[in-house]
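Have a look at protein19.txt; it's compact mmCIF, C-alpha atoms:
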```txt
# COMPACT_ATOMS: atom_id res chain seq x y z
CA MET E 515 27.40 -1.76 -10.38
CA SER E 516 27.56 0.15 -13.60
CA VAL E 517 29.53 1.86 -16.35
CA ALA E 518 29.22 5.33 -17.87
CA LEU E 519 30.83 6.38 -21.14
CA GLN E 520 30.41 10.10 -21.55
CA ARG E 521 31.57 13.18 -23.39
CA GLU E 522 30.71 15.51 -20.49
CA ALA E 523 32.87 16.06 -17.41
CA ILE E 524 32.88 13.42 -14.68
CA ASP E 525 31.36 14.69 -11.44
CA VAL E 526 33.54 12.82 -8.95
CA ALA E 527 31.33 13.62 -5.94
CA ALA E 528 28.22 12.40 -7.75
CA GLU E 529 30.03 9.23 -8.87
CA TYR E 530 31.08 8.54 -5.28
CA ALA E 531 27.54 9.12 -4.00
CA GLN E 532 26.13 6.76 -6.63
CA LEU E 533 28.75 4.11 -5.78
CA ILE E 534 28.02 3.96 -2.07
CA GLY E 535 24.28 4.68 -2.13
CA ASP E 536 22.84 4.56 1.37
CA SER E 537 25.68 2.51 2.85
CA PRO E 538 29.42 2.78 2.21
CA GLY E 539 30.07 -0.80 3.27
CA ALA E 540 33.29 -1.55 5.11
CA ALA E 541 35.85 -0.26 2.60
CA VAL E 542 35.67 2.11 -0.35
CA ALA E 543 38.53 2.70 -2.78
CA THR E 544 38.51 5.04 -5.77
CA PHE E 545 40.85 6.06 -8.54
CA THR E 546 40.64 9.28 -10.55
CA GLY E 547 42.78 9.75 -13.66
CA TYR E 548 43.49 13.20 -15.13
CA VAL E 549 44.93 14.54 -18.38
CA ARG E 550 48.62 15.28 -17.78
CA ASP E 551 50.40 18.33 -19.17
CA HIS E 552 53.21 16.14 -20.52
CA SER E 553 53.99 12.79 -22.06
CA ASP E 554 57.27 10.92 -21.98
CA GLN E 555 58.74 13.13 -24.71
CA HIS E 556 56.95 16.51 -24.80
CA ALA E 557 54.41 18.95 -23.39
CA VAL E 558 50.70 18.14 -23.90
CA THR E 559 48.02 20.81 -24.30
CA GLU E 560 45.02 18.61 -25.14
CA LEU E 561 44.05 14.96 -25.37
CA GLU E 562 41.45 13.47 -27.68
CA LEU E 563 39.97 10.07 -26.84
CA GLU E 564 38.24 8.04 -29.52
CA HIS E 565 36.43 4.80 -28.73
CA TYR E 566 34.31 2.03 -30.14
CA PRO E 567 31.14 2.68 -28.07
CA GLU E 568 29.46 -0.75 -28.01
CA MET E 569 32.69 -2.65 -27.51
CA ALA E 570 34.03 -0.21 -24.89
CA LEU E 571 30.81 -0.54 -22.89
CA LYS E 572 30.93 -4.34 -23.06
CA VAL E 573 34.62 -4.52 -22.10
CA LEU E 574 34.14 -2.18 -19.12
CA GLU E 575 30.99 -3.98 -17.92
CA ASP E 576 32.75 -7.37 -18.17
CA LEU E 577 35.77 -5.95 -16.38
CA GLY E 578 33.66 -4.55 -13.54
CA ARG E 579 31.75 -7.82 -13.14
CA SER E 580 34.98 -9.82 -13.18
CA ALA E 581 36.59 -7.59 -10.52
CA GLY E 582 33.38 -7.77 -8.51
CA GLU E 583 33.44 -11.57 -8.50
CA ARG E 584 37.18 -11.85 -7.91
CA PHE E 585 37.25 -9.46 -4.94
CA GLY E 586 33.74 -9.95 -3.53
CA LEU E 587 32.67 -6.37 -4.21
CA SER E 588 29.29 -5.22 -2.99
CA SER E 589 29.41 -2.35 -5.52
CA TRP E 590 31.59 -1.00 -8.31
CA ARG E 591 31.44 1.86 -10.83
CA ILE E 592 33.49 2.89 -13.86
CA ALA E 593 33.06 6.28 -15.56
CA HIS E 594 35.16 7.00 -18.65
CA ARG E 595 35.33 10.08 -20.87
CA TYR E 596 35.73 10.39 -24.62
CA GLY E 597 36.15 13.38 -26.93
CA ARG E 598 38.48 16.37 -26.50
CA LEU E 599 39.83 16.89 -22.99
CA ALA E 600 41.93 19.74 -21.64
CA VAL E 601 44.89 19.33 -19.31
CA GLY E 602 43.62 18.73 -15.77
CA GLU E 603 40.27 17.24 -16.80
CA THR E 604 39.21 13.86 -15.45
CA ILE E 605 39.56 10.99 -17.95
CA VAL E 606 38.44 8.08 -15.81
CA TRP E 607 36.93 7.39 -12.39
CA VAL E 608 36.77 3.95 -10.80
CA GLY E 609 35.21 3.01 -7.47
CA ALA E 610 34.94 -0.26 -5.54
CA VAL E 611 33.19 -1.21 -2.30
CA ALA E 612 34.29 -4.35 -0.43
CA ASN E 613 34.38 -5.85 3.05
CA HIS E 614 38.10 -5.12 3.38
CA ARG E 615 40.41 -2.36 2.13
CA GLY E 616 42.77 -4.74 0.35
CA GLU E 617 40.03 -6.08 -1.89
CA ALA E 618 38.65 -2.61 -2.67
CA ILE E 619 42.11 -1.24 -3.51
CA SER E 620 43.07 -4.32 -5.53
CA ALA E 621 39.81 -4.14 -7.49
CA CYS E 622 40.51 -0.54 -8.53
CA GLU E 623 44.05 -1.47 -9.50
CA LEU E 624 42.93 -4.51 -11.52
CA ILE E 625 40.27 -2.47 -13.31
CA MET E 626 42.72 0.28 -14.27
CA ASP E 627 45.52 -2.10 -15.27
CA THR E 628 43.14 -4.08 -17.48
CA LEU E 629 41.27 -1.07 -18.85
CA LYS E 630 44.54 0.43 -20.12
CA THR E 631 45.24 -2.61 -22.31
CA ASP E 632 41.84 -4.14 -23.11
CA ALA E 633 39.33 -1.32 -23.57
CA PRO E 634 39.02 0.05 -27.13
CA PHE E 635 40.10 3.66 -26.53
CA TRP E 636 42.62 5.51 -28.66
CA LYS E 637 44.44 8.63 -27.47
CA ARG E 638 45.71 11.47 -29.63
CA GLU E 639 47.83 14.12 -27.94
CA GLN E 640 48.17 17.72 -29.03
CA GLY E 641 51.24 19.54 -27.80
CA SER E 642 54.50 21.29 -28.46
CA ALA E 643 55.60 18.53 -30.86
CA GLY E 644 52.32 18.65 -32.78
CA GLU E 645 49.78 15.85 -32.90
CA ARG E 646 50.58 12.23 -32.17
CA TRP E 647 48.72 9.01 -31.42
CA VAL E 648 49.71 7.43 -28.12
CA ALA E 649 51.08 3.91 -28.54
CA SER E 650 50.53 1.17 -26.00
CA ARG E 651 53.34 0.79 -23.52
CA ASP E 652 55.12 -2.39 -22.44
CA LYS E 653 54.74 -1.27 -18.83
CA ASP E 654 50.92 -1.37 -19.18
CA ALA E 655 51.03 -4.89 -20.62
CA GLN E 656 53.28 -6.01 -17.75
CA ARG E 657 50.90 -4.57 -15.15
CA ARG E 658 48.00 -6.32 -16.88
CA ALA E 659 49.86 -9.64 -17.05
CA ARG E 660 50.52 -9.76 -13.32
CA TRP E 661 46.77 -10.09 -12.64
CA GLN E 662 46.64 -13.22 -14.74
CA SER E 663 49.25 -14.90 -12.55
CA GLU E 664 48.10 -13.68 -9.12
CA GLU E 665 45.53 -15.55 -7.10
CA THR E 666 42.58 -13.86 -5.44
CA PRO E 667 43.63 -12.51 -2.03
```

Serialized structure, structure tokens:
Amino acid sequence: MSVALQREAIDVAAEYAQLIGDSPGAAVATFTGYVRDHSDQHAVTELELEHYPEMALKVLEDLGRSAGERFGLSSWRIAHRYGRLAVGETIVWVGAVANHRGEAISACELIMDTLKTDAPFWKREQGSAGERWVASRDKDAQRRARWQSEETP
């Protein structure tokens, strides 16, 4: 049950091995997010992620603990990159271990939906249209809001 904020590439296999340890439990769900080659309006060639280190770590740790309590997780892990990332590189990896698949999958979804709106990361895209900061999207706020109204399964 931990968080990693790192400039270097995320080793997905190593993250998975750390998540499950000696026992995978009954259900394991993971999510891996990658840098896309496009945004809503134009092609993207590179993404730069800036963050507030102490606050980002605290937000992600609190988020993991909250998901762990809500879904009865036996283990969870969040790894998030910062710095300059090329198209196709991993930005974020989330893993959850629970007694049932629904809880493990829901925990990953809750973590990602909340991370997108609450964690202090800022994205700057480089691409065919030049450089631009990525604004928050209403869709992300809507996905986040649904977790506030849903009861624990």

Query raised in the report: CA of Gly535 (chain E) to CA of Phe585 (chain E): how many Å, to one decimal?
Result: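 Separation between CA of Gly535 (chain E) and CA of Phe585 (chain E): 19.4 Å.
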
Query raised in the report: Excluding same-chain residues fewer than 2 positions from Glu560 (chain E), what lies within 8 Å of it counting all atoms listed in the file, as JSON, numbers by chain?
Result: {"E": [549, 558, 562, 598, 599, 600, 601, 639, 640, 641]}

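If all atoms listed in the file are the atoms counted, then among E:Ala659, E:Val517, E:Ala527, E:Leu561 the closest residue to Arg579 (chain E) is E:Val517.
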
Query raised in the report: What does the distance between CA of Lys653 (chain E) and CA of Val611 (chain E) come to in Å, to one decimal place?
Result: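 Between CA of Lys653 (chain E) and CA of Val611 (chain E) the gap works out to 27.2 Å.
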
Query raised in the report: Near Gln532 (chain E), within 12 Å and counting only C-alpha atoms, which residues show up once chain neighbours fewer than 4 positions away are dropped, as a ChimeraX atom specification?
Result: /E:515-518,525-528,536-538,589-593,608-611

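Of the residues listed (E:Glu529, E:Asp554, E:Glu564, E:Glu583), E:Glu583 shows the shortest atom-to-atom separation from Ala621 (chain E); distances use only C-alpha atoms.
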
Requested in this report: Point out the residue among E:Trp636, E:Tyr566, E:Trp607, E:Tyr596 with the least atom-to-atom distance to Val648 (chain E), counting only C-alpha atoms.
Outcome: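 Selected residue with least distance to Val648 (chain E): E:Trp636.
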
Query raised in the report: Within 8 Å of Ala541 (chain E), counting all atoms listed in the file, which residues qualify if same-chain residues fewer than 2 places away don't, as a list in words?
Result: Pro538, Gly539, Ala543, Val611, Ala612, Asn613, His614, Arg615 and Ala618 of chain E

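Coordinates place CA of Lys630 (chain E) at a distance of 11.1 Å from CA of Gln656 (chain E).
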
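You can rank E:Ala570, E:Leu587, E:Phe635, E:Tyr548 by their closest distance to Trp647 (chain E) using all atoms listed in the file, and at the top of that list sits E:Phe635.
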
Requested in this report: Identify which of the residues E:Ser642, E:Gln662, E:Ser588, E:Thr628 lies closest to Asp551 (chain E), counting only C-alpha atoms when measuring atom-to-atom distances.
Outcome: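 Residue with the minimum atom-to-atom distance to Asp551 (chain E): E:Ser642.
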
Query - Which of E:Pro567, E:Gly586, E:Gly644, E:Pro634 sits closest to Gln520 (chain E) [using all atoms listed in the file] - result: E:Pro567
